[in-house]
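Data block for query-v5.cif (mmCIF, C-alpha atoms and all ligand atoms):
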```cif
data_start
#
loop_
_atom_site.group_PDB
_atom_site.id
_atom_site.type_symbol
_atom_site.label_atom_id
_atom_site.label_comp_id
_atom_site.auth_asym_id
_atom_site.auth_seq_id
_atom_site.Cartn_x
_atom_site.Cartn_y
_atom_site.Cartn_z
ATOM 1 C CA MET A 1 -161.429 17.433 129.855
ATOM 2 C CA GLN A 2 -160.737 21.062 130.691
ATOM 3 C CA GLY A 3 -161.054 23.358 127.672
ATOM 4 C CA LYS A 4 -162.924 20.667 125.692
ATOM 5 C CA THR A 5 -166.558 20.917 124.650
ATOM 6 C CA LEU A 6 -169.291 18.291 124.402
ATOM 7 C CA LEU A 7 -172.556 18.603 122.487
ATOM 8 C CA ILE A 8 -175.162 15.998 123.429
ATOM 9 C CA SER A 9 -178.786 15.613 122.354
ATOM 10 C CA GLY A 10 -181.461 15.055 125.002
ATOM 11 C CA GLY A 11 -179.764 16.401 128.131
ATOM 12 C CA THR A 12 -182.861 17.123 130.205
ATOM 13 C CA ARG A 13 -183.540 13.670 131.611
ATOM 14 C CA GLY A 14 -182.251 10.152 132.140
ATOM 15 C CA ILE A 15 -178.969 9.098 130.599
ATOM 16 C CA GLY A 16 -178.368 12.385 128.737
ATOM 17 C CA LYS A 17 -178.679 14.425 131.921
ATOM 18 C CA ALA A 18 -176.284 12.095 133.755
ATOM 19 C CA ILE A 19 -173.752 12.525 130.912
ATOM 20 C CA VAL A 20 -174.081 16.335 131.017
ATOM 21 C CA TYR A 21 -173.181 16.323 134.721
ATOM 22 C CA ALA A 22 -170.424 13.702 134.354
ATOM 23 C CA PHE A 23 -168.593 15.674 131.645
ATOM 24 C CA ALA A 24 -169.023 19.006 133.444
ATOM 25 C CA LYS A 25 -167.645 17.412 136.617
ATOM 26 C CA GLU A 26 -164.497 16.535 134.638
ATOM 27 C CA GLY A 27 -164.187 20.180 133.554
ATOM 28 C CA ALA A 28 -165.679 20.016 130.034
ATOM 29 C CA ASN A 29 -167.953 22.743 128.702
ATOM 30 C CA VAL A 30 -171.291 21.225 127.760
ATOM 31 C CA ALA A 31 -173.997 22.089 125.236
ATOM 32 C CA PHE A 32 -177.121 19.955 125.258
ATOM 33 C CA THR A 33 -180.460 19.907 123.501
ATOM 34 C CA TYR A 34 -184.000 19.703 124.816
ATOM 35 C CA ASN A 35 -187.338 19.101 123.161
ATOM 36 C CA SER A 36 -190.354 19.563 125.450
ATOM 37 C CA ASN A 37 -188.619 20.638 128.678
ATOM 38 C CA ALA A 38 -187.266 24.137 128.006
ATOM 39 C CA ASP A 39 -187.583 25.264 131.638
ATOM 40 C CA VAL A 40 -185.884 22.142 132.971
ATOM 41 C CA ALA A 41 -183.079 22.678 130.435
ATOM 42 C CA LYS A 42 -182.503 26.255 131.651
ATOM 43 C CA GLU A 43 -182.388 25.077 135.269
ATOM 44 C CA ILE A 44 -179.886 22.312 134.446
ATOM 45 C CA ALA A 45 -177.620 24.713 132.516
ATOM 46 C CA LYS A 46 -177.673 27.170 135.438
ATOM 47 C CA ASP A 47 -177.022 24.444 137.993
ATOM 48 C CA VAL A 48 -174.147 22.895 135.997
ATOM 49 C CA GLU A 49 -172.438 26.277 135.604
ATOM 50 C CA ALA A 50 -172.854 27.032 139.318
ATOM 51 C CA GLN A 51 -171.596 23.604 140.444
ATOM 52 C CA TYR A 52 -168.667 23.111 138.080
ATOM 53 C CA GLY A 53 -167.654 26.563 136.784
ATOM 54 C CA VAL A 54 -167.877 25.461 133.136
ATOM 55 C CA THR A 55 -169.960 26.954 130.329
ATOM 56 C CA CYS A 56 -173.244 25.107 129.814
ATOM 57 C CA ARG A 57 -175.896 25.999 127.209
ATOM 58 C CA ALA A 58 -179.146 24.371 126.053
ATOM 59 C CA TYR A 59 -180.718 24.566 122.587
ATOM 60 C CA PRO A 60 -184.046 23.321 121.181
ATOM 61 C CA LEU A 61 -184.038 20.321 118.834
ATOM 62 C CA ASN A 62 -186.627 17.938 117.456
ATOM 63 C CA ILE A 63 -184.901 14.766 116.274
ATOM 64 C CA LEU A 64 -187.903 14.001 114.078
ATOM 65 C CA GLN A 65 -186.577 16.958 112.024
ATOM 66 C CA PRO A 66 -182.876 16.077 111.895
ATOM 67 C CA GLU A 67 -182.022 19.081 109.686
ATOM 68 C CA GLU A 68 -182.692 21.200 112.795
ATOM 69 C CA TYR A 69 -179.204 20.137 113.894
ATOM 70 C CA LYS A 70 -177.895 22.817 111.496
ATOM 71 C CA ASP A 71 -179.653 25.516 113.577
ATOM 72 C CA VAL A 72 -178.450 23.904 116.801
ATOM 73 C CA PHE A 73 -174.838 24.073 115.615
ATOM 74 C CA LYS A 74 -175.280 27.730 114.531
ATOM 75 C CA LEU A 75 -176.310 28.550 118.103
ATOM 76 C CA PHE A 76 -173.452 26.374 119.361
ATOM 77 C CA ASP A 77 -170.939 28.288 117.183
ATOM 78 C CA ALA A 78 -172.049 31.564 118.737
ATOM 79 C CA ASP A 79 -171.354 30.229 122.253
ATOM 80 C CA PHE A 80 -168.347 27.907 121.814
ATOM 81 C CA ASP A 81 -165.183 28.049 119.724
ATOM 82 C CA ARG A 82 -164.577 24.292 119.465
ATOM 83 C CA CYS A 83 -166.419 20.973 119.400
ATOM 84 C CA ASP A 84 -164.503 17.957 120.721
ATOM 85 C CA PHE A 85 -167.231 15.446 121.531
ATOM 86 C CA PHE A 86 -170.680 14.740 120.123
ATOM 87 C CA ILE A 87 -173.130 12.247 121.648
ATOM 88 C CA SER A 88 -176.342 11.305 119.851
ATOM 89 C CA ASN A 89 -178.513 10.381 122.821
ATOM 90 C CA ALA A 90 -182.083 11.752 122.482
ATOM 91 C CA ILE A 91 -184.865 9.265 121.865
ATOM 92 C CA ILE A 92 -188.523 9.681 120.966
ATOM 93 C CA SER A 93 -191.432 8.191 122.902
ATOM 94 C CA GLY A 94 -195.223 8.554 123.177
ATOM 95 C CA ARG A 95 -197.355 9.317 120.117
ATOM 96 C CA ALA A 96 -194.386 9.458 117.731
ATOM 97 C CA VAL A 97 -193.583 5.778 118.310
ATOM 98 C CA VAL A 98 -197.124 4.430 117.835
ATOM 99 C CA GLY A 99 -196.753 1.633 115.277
ATOM 100 C CA GLY A 100 -193.040 1.377 116.102
ATOM 101 C CA PHE A 101 -193.261 0.271 119.727
ATOM 102 C CA GLY A 102 -195.304 -2.907 120.168
ATOM 103 C CA PRO A 103 -195.571 -6.545 119.180
ATOM 104 C CA PHE A 104 -194.372 -7.515 115.699
ATOM 105 C CA MET A 105 -197.871 -8.020 114.250
ATOM 106 C CA ARG A 106 -198.831 -4.449 115.191
ATOM 107 C CA LEU A 107 -195.791 -2.712 113.696
ATOM 108 C CA LYS A 108 -196.596 -0.007 111.120
ATOM 109 C CA PRO A 109 -194.312 1.802 108.662
ATOM 110 C CA LYS A 110 -195.070 5.287 110.049
ATOM 111 C CA GLY A 111 -193.991 4.502 113.618
ATOM 112 C CA LEU A 112 -190.997 2.496 112.399
ATOM 113 C CA ASN A 113 -189.960 5.316 110.051
ATOM 114 C CA ASN A 114 -190.193 7.838 112.903
ATOM 115 C CA ILE A 115 -187.802 5.728 114.972
ATOM 116 C CA TRP A 116 -185.418 5.483 111.990
ATOM 117 C CA THR A 117 -185.533 9.273 111.553
ATOM 118 C CA ALA A 118 -184.935 9.934 115.253
ATOM 119 C CA THR A 119 -182.259 7.261 115.679
ATOM 120 C CA VAL A 120 -180.299 6.905 112.430
ATOM 121 C CA ASP A 121 -180.987 10.116 110.470
ATOM 122 C CA ALA A 122 -180.527 12.285 113.565
ATOM 123 C CA PHE A 123 -177.206 10.566 114.333
ATOM 124 C CA VAL A 124 -176.027 11.128 110.738
ATOM 125 C CA VAL A 125 -176.897 14.832 110.521
ATOM 126 C CA GLY A 126 -175.664 15.599 114.042
ATOM 127 C CA ALA A 127 -172.400 13.713 113.491
ATOM 128 C CA GLN A 128 -171.832 15.434 110.124
ATOM 129 C CA GLU A 129 -172.202 18.880 111.686
ATOM 130 C CA ALA A 130 -169.996 17.877 114.621
ATOM 131 C CA ALA A 131 -167.308 16.431 112.317
ATOM 132 C CA LYS A 132 -167.079 19.714 110.343
ATOM 133 C CA ARG A 133 -166.190 21.453 113.608
ATOM 134 C CA MET A 134 -163.870 18.711 114.886
ATOM 135 C CA GLU A 135 -161.718 18.512 111.761
ATOM 136 C CA PRO A 136 -160.030 21.932 112.173
ATOM 137 C CA ASN A 137 -159.001 20.936 115.737
ATOM 138 C CA GLY A 138 -157.417 17.703 114.547
ATOM 139 C CA GLY A 139 -160.284 15.407 115.518
ATOM 140 C CA GLY A 140 -162.682 14.378 118.240
ATOM 141 C CA SER A 141 -164.937 11.620 119.523
ATOM 142 C CA ILE A 142 -168.479 10.843 118.366
ATOM 143 C CA ILE A 143 -170.785 8.426 120.217
ATOM 144 C CA SER A 144 -174.230 7.051 119.501
ATOM 145 C CA MET A 145 -176.176 5.675 122.435
ATOM 146 C CA SER A 146 -177.536 2.237 121.656
ATOM 147 C CA SER A 147 -179.236 -0.528 123.602
ATOM 148 C CA THR A 148 -178.902 -4.257 124.075
ATOM 149 C CA GLY A 149 -182.480 -4.579 122.813
ATOM 150 C CA ASN A 150 -180.796 -5.091 119.438
ATOM 151 C CA LEU A 151 -178.993 -8.181 120.780
ATOM 152 C CA VAL A 152 -181.558 -9.856 123.017
ATOM 153 C CA TYR A 153 -185.281 -10.227 122.524
ATOM 154 C CA THR A 154 -187.143 -7.513 124.415
ATOM 155 C CA PRO A 155 -190.952 -7.574 124.126
ATOM 156 C CA ASN A 156 -192.429 -4.601 122.187
ATOM 157 C CA TYR A 157 -188.920 -3.367 121.304
ATOM 158 C CA ALA A 158 -188.617 -4.527 117.664
ATOM 159 C CA GLY A 159 -188.803 -0.983 116.273
ATOM 160 C CA HIS A 160 -186.175 0.469 118.580
ATOM 161 C CA GLY A 161 -184.046 -2.692 118.620
ATOM 162 C CA SER A 162 -183.786 -2.909 114.831
ATOM 163 C CA ASN A 163 -182.952 0.799 114.573
ATOM 164 C CA LYS A 164 -180.284 0.511 117.262
ATOM 165 C CA ALA A 165 -178.726 -2.300 115.199
ATOM 166 C CA ALA A 166 -178.848 0.045 112.204
ATOM 167 C CA VAL A 167 -177.254 2.950 114.038
ATOM 168 C CA GLU A 168 -174.444 0.686 115.271
ATOM 169 C CA ALA A 169 -173.761 -0.239 111.630
ATOM 170 C CA MET A 170 -173.832 3.458 110.700
ATOM 171 C CA VAL A 171 -171.326 4.120 113.497
ATOM 172 C CA ARG A 172 -168.914 1.616 111.897
ATOM 173 C CA TYR A 173 -169.282 3.279 108.480
ATOM 174 C CA ALA A 174 -168.737 6.724 109.990
ATOM 175 C CA ALA A 175 -165.679 5.423 111.876
ATOM 176 C CA ALA A 176 -164.205 4.039 108.649
ATOM 177 C CA GLU A 177 -164.591 7.352 106.837
ATOM 178 C CA LEU A 178 -163.897 9.915 109.591
ATOM 179 C CA GLY A 179 -160.715 8.334 110.939
ATOM 180 C CA GLY A 180 -158.714 10.363 108.411
ATOM 181 C CA MET A 181 -159.930 13.516 110.180
ATOM 182 C CA GLY A 182 -158.755 12.139 113.527
ATOM 183 C CA ILE A 183 -162.354 11.476 114.540
ATOM 184 C CA ARG A 184 -163.249 8.273 116.399
ATOM 185 C CA VAL A 185 -166.841 7.016 116.235
ATOM 186 C CA ASN A 186 -168.296 4.424 118.633
ATOM 187 C CA ALA A 187 -171.527 3.305 120.258
ATOM 188 C CA VAL A 188 -172.367 2.698 123.908
ATOM 189 C CA SER A 189 -175.018 0.017 124.207
ATOM 190 C CA GLY A 190 -176.843 -0.048 127.522
ATOM 191 C CA GLY A 191 -178.894 -2.783 129.100
ATOM 192 C CA PRO A 192 -182.214 -1.702 130.625
ATOM 193 C CA ILE A 193 -181.711 1.526 132.596
ATOM 194 C CA ASP A 194 -184.253 2.978 135.007
ATOM 195 C CA THR A 195 -185.349 6.136 133.132
ATOM 196 C CA ASP A 196 -188.609 7.644 131.798
ATOM 197 C CA ALA A 197 -188.057 5.752 128.514
ATOM 198 C CA LEU A 198 -188.159 2.421 130.331
ATOM 199 C CA ARG A 199 -190.927 3.459 132.712
ATOM 200 C CA ALA A 200 -193.072 4.034 129.584
ATOM 201 C CA PHE A 201 -192.963 0.275 128.860
ATOM 202 C CA PRO A 202 -196.428 -1.187 129.595
ATOM 203 C CA ASN A 203 -194.682 -4.113 131.350
ATOM 204 C CA TYR A 204 -192.119 -1.941 133.202
ATOM 205 C CA GLU A 205 -192.417 -3.822 136.520
ATOM 206 C CA GLU A 206 -191.966 -7.139 134.722
ATOM 207 C CA VAL A 207 -188.908 -5.862 132.804
ATOM 208 C CA LYS A 208 -187.401 -4.498 136.016
ATOM 209 C CA ALA A 209 -187.864 -7.794 137.881
ATOM 210 C CA GLU A 210 -186.411 -9.722 134.928
ATOM 211 C CA VAL A 211 -183.347 -7.449 134.735
ATOM 212 C CA ILE A 212 -182.643 -7.804 138.460
ATOM 213 C CA ALA A 213 -183.022 -11.576 138.158
ATOM 214 C CA ARG A 214 -180.730 -11.772 135.095
ATOM 215 C CA SER A 215 -177.967 -9.452 136.219
ATOM 216 C CA PRO A 216 -175.126 -11.088 138.159
ATOM 217 C CA LEU A 217 -175.041 -7.734 139.965
ATOM 218 C CA SER A 218 -178.713 -8.173 140.981
ATOM 219 C CA ARG A 219 -179.854 -4.654 140.223
ATOM 220 C CA MET A 220 -181.289 -2.424 137.504
ATOM 221 C CA GLY A 221 -179.006 -0.084 135.606
ATOM 222 C CA GLU A 222 -179.027 3.600 136.598
ATOM 223 C CA ALA A 223 -178.425 6.483 134.173
ATOM 224 C CA GLU A 224 -175.022 7.120 135.793
ATOM 225 C CA ASP A 225 -173.920 3.574 134.884
ATOM 226 C CA LEU A 226 -173.476 4.630 131.238
ATOM 227 C CA THR A 227 -171.412 7.764 131.876
ATOM 228 C CA GLY A 228 -168.085 5.966 132.446
ATOM 229 C CA ALA A 229 -168.030 4.366 128.990
ATOM 230 C CA CYS A 230 -168.745 7.774 127.394
ATOM 231 C CA LEU A 231 -165.989 9.487 129.389
ATOM 232 C CA PHE A 232 -163.580 6.697 128.430
ATOM 233 C CA LEU A 233 -164.423 6.973 124.709
ATOM 234 C CA CYS A 234 -163.777 10.722 124.852
ATOM 235 C CA SER A 235 -160.455 10.344 126.667
ATOM 236 C CA LYS A 236 -156.914 9.746 125.437
ATOM 237 C CA ALA A 237 -157.151 6.249 126.952
ATOM 238 C CA ALA A 238 -159.444 5.376 124.011
ATOM 239 C CA SER A 239 -157.166 6.864 121.344
ATOM 240 C CA TRP A 240 -157.161 3.631 119.238
ATOM 241 C CA VAL A 241 -160.777 2.665 119.866
ATOM 242 C CA THR A 242 -163.049 3.329 116.899
ATOM 243 C CA GLY A 243 -165.932 1.608 115.112
ATOM 244 C CA GLN A 244 -166.834 -0.321 118.283
ATOM 245 C CA THR A 245 -169.854 -0.848 120.465
ATOM 246 C CA ILE A 246 -169.160 -0.965 124.189
ATOM 247 C CA VAL A 247 -171.847 -2.979 125.954
ATOM 248 C CA VAL A 248 -172.688 -1.815 129.495
ATOM 249 C CA ASP A 249 -175.458 -4.118 130.613
ATOM 250 C CA GLY A 250 -174.810 -5.348 134.176
ATOM 251 C CA GLY A 251 -174.144 -8.755 132.634
ATOM 252 C CA THR A 252 -177.766 -9.144 131.479
ATOM 253 C CA THR A 253 -177.094 -9.944 127.820
ATOM 254 C CA PHE A 254 -175.324 -13.257 128.388
ATOM 255 C CA GLN A 255 -177.779 -14.809 130.870
HETATM 256 N N1 LIG B 1 -183.560 3.652 129.335
HETATM 257 C C1 LIG B 1 -182.982 2.548 128.880
HETATM 258 O O1 LIG B 1 -183.285 1.424 129.296
HETATM 259 C C2 LIG B 1 -181.893 2.647 127.865
HETATM 260 C C3 LIG B 1 -180.991 1.585 127.758
HETATM 261 C C4 LIG B 1 -179.968 1.660 126.819
HETATM 262 C C5 LIG B 1 -179.854 2.750 125.994
HETATM 263 N N2 LIG B 1 -180.757 3.759 126.102
HETATM 264 C C6 LIG B 1 -180.592 4.873 125.165
HETATM 265 O O2 LIG B 1 -180.113 6.010 125.866
HETATM 266 C C7 LIG B 1 -180.644 7.195 125.250
HETATM 267 C C8 LIG B 1 -181.382 8.037 126.290
HETATM 268 O O3 LIG B 1 -182.456 7.280 126.818
HETATM 269 P P1 LIG B 1 -183.213 7.693 128.172
HETATM 270 O O4 LIG B 1 -183.757 6.430 128.730
HETATM 271 O O5 LIG B 1 -182.314 8.536 129.010
HETATM 272 O O6 LIG B 1 -184.416 8.584 127.587
HETATM 273 P P2 LIG B 1 -185.443 9.546 128.347
HETATM 274 O O7 LIG B 1 -185.238 9.502 129.824
HETATM 275 O O8 LIG B 1 -186.786 9.225 127.793
HETATM 276 O O9 LIG B 1 -185.014 11.020 127.824
HETATM 277 C C9 LIG B 1 -185.233 11.333 126.505
HETATM 278 C C10 LIG B 1 -184.476 12.603 126.132
HETATM 279 O O10 LIG B 1 -184.688 12.826 124.709
HETATM 280 C C11 LIG B 1 -185.312 14.090 124.531
HETATM 281 N N3 LIG B 1 -186.337 13.989 123.473
HETATM 282 C C12 LIG B 1 -187.541 13.361 123.518
HETATM 283 N N4 LIG B 1 -188.204 13.503 122.339
HETATM 284 C C13 LIG B 1 -187.396 14.260 121.552
HETATM 285 C C14 LIG B 1 -187.520 14.784 120.241
HETATM 286 N N5 LIG B 1 -188.600 14.568 119.479
HETATM 287 N N6 LIG B 1 -186.493 15.527 119.747
HETATM 288 C C15 LIG B 1 -185.390 15.778 120.487
HETATM 289 N N7 LIG B 1 -185.212 15.331 121.744
HETATM 290 C C16 LIG B 1 -186.208 14.568 122.267
HETATM 291 C C17 LIG B 1 -185.948 14.465 125.858
HETATM 292 O O11 LIG B 1 -186.012 15.891 125.929
HETATM 293 P P3 LIG B 1 -187.224 16.667 126.703
HETATM 294 O O12 LIG B 1 -187.188 16.214 128.124
HETATM 295 O O13 LIG B 1 -186.883 18.124 126.538
HETATM 296 O O14 LIG B 1 -188.487 16.305 125.983
HETATM 297 C C18 LIG B 1 -184.976 13.827 126.856
HETATM 298 O O15 LIG B 1 -183.889 14.677 127.103
HETATM 299 C C19 LIG B 1 -181.526 6.715 124.102
HETATM 300 O O16 LIG B 1 -180.807 6.718 122.898
HETATM 301 C C20 LIG B 1 -181.888 5.307 124.523
HETATM 302 O O17 LIG B 1 -182.233 4.475 123.439
HETATM 303 C C21 LIG B 1 -181.760 3.749 127.025
#
```
Any chance you could put this one into structure tokens?
Amino acid sequence: MQGKTLLISGGTRGIGKAIVYAFAKEGANVAFTYNSNADVAKEIAKDVEAQYGVTCRAYPLNILQPEEYKDVFKLFDADFDRCDFFISNAIISGRAVVGGFGPFMRLKPKGLNNIWTATVDAFVVGAQEAAKRMEPNGGGSIISMSSTGNLVYTPNYAGHGSNKAAVEAMVRYAAAELGGMGIRVNAVSGGPIDTDALRAFPNYEEVKAEVIARSPLSRMGEAEDLTGACLFLCSKAASWVTGQTIVVDGGTTFQ
């Protein structure tokens, strides 16, 4: 991965942070975005540079305003001369998902639309900007993070689950149209992973116990469990893999 550059949204916590470190460890330069945690982002960038000797930069982004990606990529262009990998990872929580996160009878268009904006629109605008920069280098790899909550019933998750299904469909469309530029587009769909996003579930303890009971591996997923699939999709080993969703779920989806 030396000499290659990744841009990933939401690198301050959870899965995004684990991916930042995993790519830097392999020698890639990394740019990531933050939303509320500017200080944490600065610390991570400093730590990654010190540990791995790569260039690491952090930029502000609100995925509820996907057009902000254009400003992110302007900052990126000033710091990096190539973009090889783009991962749409950031996810909204808290007030923005009210009406989108909850039982079916309490769903409301505003919350659902926010999740669409943050999941599907943000992927589209970010991937478009990334693709413009990948094309001159002969291609690259684009990934959307997804979740198995679009395959198996997960209480309160209808808003996110339906939008993850939508973004996986968008990934296939993007793959069909960007292949000519040498760009591969895939999704990585995780089972429940122990991060802030999951801890925000009102029934977190119940979900955790259920995951441990369902997984043949008898444990929850950790953020680092999703990094291998992302590294694979950005490597030469995945050179004919496009338009796919790789499920990394500790075996929980089948049981
Ligand atoms: N946790 C799971 O069980 C699980 C399973 C499968 C897939 N996934 C997927 O993996 C991805 C990461 O999830 P996670 O669990 O790691 O999430 P997380 O721990 O809640 O982290 C969320 C990240 O998104 C950023 N963010 C929050 N609101 C934002 C906004 N309005 N605009 C831009 N960035 C924003 C945060 O930045 P700040 O810290 O700066 O606010 C943070 O870096 C998501 O796409 C999620 O759906 C999660």
Item to complete: Identify all residues satisfying the PyMOL selection byres (((not hetatm)) within 8 of (chain B and resi 1)) in the given file; provide them as a ChimeraX atom specification.
Response: /A:9-17,33-38,40-41,60-65,88-93,96,118-119,144-149,160,164,188-198,221,223
Next, write the just-selected residues to a file, as an mmCIF file, keeping the file's coordinate frame, keeping C-alpha atoms as the atom set.
```cif
data_model
loop_
_atom_site.group_PDB
_atom_site.id
_atom_site.type_symbol
_atom_site.label_atom_id
_atom_site.label_comp_id
_atom_site.auth_asym_id
_atom_site.auth_seq_id
_atom_site.Cartn_x
_atom_site.Cartn_y
_atom_site.Cartn_z
ATOM 1 C CA SER A 9 -178.786 15.613 122.354
ATOM 2 C CA GLY A 10 -181.461 15.055 125.002
ATOM 3 C CA GLY A 11 -179.764 16.401 128.131
ATOM 4 C CA THR A 12 -182.861 17.123 130.205
ATOM 5 C CA ARG A 13 -183.540 13.670 131.611
ATOM 6 C CA GLY A 14 -182.251 10.152 132.140
ATOM 7 C CA ILE A 15 -178.969 9.098 130.599
ATOM 8 C CA GLY A 16 -178.368 12.385 128.737
ATOM 9 C CA LYS A 17 -178.679 14.425 131.921
ATOM 10 C CA THR A 33 -180.460 19.907 123.501
ATOM 11 C CA TYR A 34 -184.000 19.703 124.816
ATOM 12 C CA ASN A 35 -187.338 19.101 123.161
ATOM 13 C CA SER A 36 -190.354 19.563 125.450
ATOM 14 C CA ASN A 37 -188.619 20.638 128.678
ATOM 15 C CA ALA A 38 -187.266 24.137 128.006
ATOM 16 C CA VAL A 40 -185.884 22.142 132.971
ATOM 17 C CA ALA A 41 -183.079 22.678 130.435
ATOM 18 C CA PRO A 60 -184.046 23.321 121.181
ATOM 19 C CA LEU A 61 -184.038 20.321 118.834
ATOM 20 C CA ASN A 62 -186.627 17.938 117.456
ATOM 21 C CA ILE A 63 -184.901 14.766 116.274
ATOM 22 C CA LEU A 64 -187.903 14.001 114.078
ATOM 23 C CA GLN A 65 -186.577 16.958 112.024
ATOM 24 C CA SER A 88 -176.342 11.305 119.851
ATOM 25 C CA ASN A 89 -178.513 10.381 122.821
ATOM 26 C CA ALA A 90 -182.083 11.752 122.482
ATOM 27 C CA ILE A 91 -184.865 9.265 121.865
ATOM 28 C CA ILE A 92 -188.523 9.681 120.966
ATOM 29 C CA SER A 93 -191.432 8.191 122.902
ATOM 30 C CA ALA A 96 -194.386 9.458 117.731
ATOM 31 C CA ALA A 118 -184.935 9.934 115.253
ATOM 32 C CA THR A 119 -182.259 7.261 115.679
ATOM 33 C CA SER A 144 -174.230 7.051 119.501
ATOM 34 C CA MET A 145 -176.176 5.675 122.435
ATOM 35 C CA SER A 146 -177.536 2.237 121.656
ATOM 36 C CA SER A 147 -179.236 -0.528 123.602
ATOM 37 C CA THR A 148 -178.902 -4.257 124.075
ATOM 38 C CA GLY A 149 -182.480 -4.579 122.813
ATOM 39 C CA HIS A 160 -186.175 0.469 118.580
ATOM 40 C CA LYS A 164 -180.284 0.511 117.262
ATOM 41 C CA VAL A 188 -172.367 2.698 123.908
ATOM 42 C CA SER A 189 -175.018 0.017 124.207
ATOM 43 C CA GLY A 190 -176.843 -0.048 127.522
ATOM 44 C CA GLY A 191 -178.894 -2.783 129.100
ATOM 45 C CA PRO A 192 -182.214 -1.702 130.625
ATOM 46 C CA ILE A 193 -181.711 1.526 132.596
ATOM 47 C CA ASP A 194 -184.253 2.978 135.007
ATOM 48 C CA THR A 195 -185.349 6.136 133.132
ATOM 49 C CA ASP A 196 -188.609 7.644 131.798
ATOM 50 C CA ALA A 197 -188.057 5.752 128.514
ATOM 51 C CA LEU A 198 -188.159 2.421 130.331
ATOM 52 C CA GLY A 221 -179.006 -0.084 135.606
ATOM 53 C CA ALA A 223 -178.425 6.483 134.173
#
```
Practice prompt. Extract, using only C-alpha atoms, all DNA, RNA and protein residues at most 12 Å from A:Ser162, discarding same-chain residues fewer than 5 positions from it, and format them as JSON, numbers by chain.
Written response: {"A": [100, 101, 104, 112, 113, 115, 116, 119, 120, 146, 147, 148, 149, 150, 151, 152, 153, 154, 156, 157, 167, 168, 169]}
Discussion item. I'd like to know which of A:Gly140, A:Leu7, A:Ile19, A:Gly251 is closest to A:Lys236, using only C-alpha atoms.
Written reply: A:Gly140
Worksheet item: What is the atom CA of A:Gly250 to atom CA of A:Lys208 distance in Å?
Response: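 Straight-line distance from atom CA of A:Gly250 to atom CA of A:Lys208 works out to 12.8 Å.
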Item to complete: Please evaluate the PyMOL selection byres (((chain A and resi 20) around 12) and not hetatm) against the displayed coordinates and give the resulting residues as a count of residues only.
Response: 50
Worksheet item: In Å to one decimal, how far is atom CA of A:Ala165 from atom CA of A:Met220?
Response: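 Computing the Euclidean distance for atom CA of A:Met220 and atom CA of A:Ala165 yields 22.5 Å.
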Practice prompt. Take the point (-170.9, 9.7, 107.4) as written in the file and pick out every residue within 12 Å of it, counting only C-alpha atoms; give the list as a ChimeraX atom specification.
Written response: /A:120-132,142,167,169-179,181,183-185
Worksheet entry | Between atom CA of A:Glu222 and atom CA of A:Asp39, distance in Å (one decimal) | 23.8 Å
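Closest approach to A:Ala238 among A:Cys83, A:Pro136, A:Asn186, A:Glu210: A:Asn186, based on only C-alpha atoms.
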Item to complete: Would you kindly translate the PyMOL selection byres (((chain A and resi 217) around 12) and not hetatm) into the concrete residues it picks from this file, as a ChimeraX atom specification?
Response: /A:211-216,218-221,249-252,255
Worksheet item: Of the residues A:Asp77, A:Pro66, A:Asp84, A:Ala209, which is the one nearest to A:Leu233, using all atoms listed in the file?
Response: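 Using all atoms listed in the file, the shortest distance to A:Leu233 belongs to A:Asp84.
Closest to A:Phe80 among A:Gly94, A:Gly3, A:Cys234, A:Val241 is A:Gly3, based on all atoms listed in the file.
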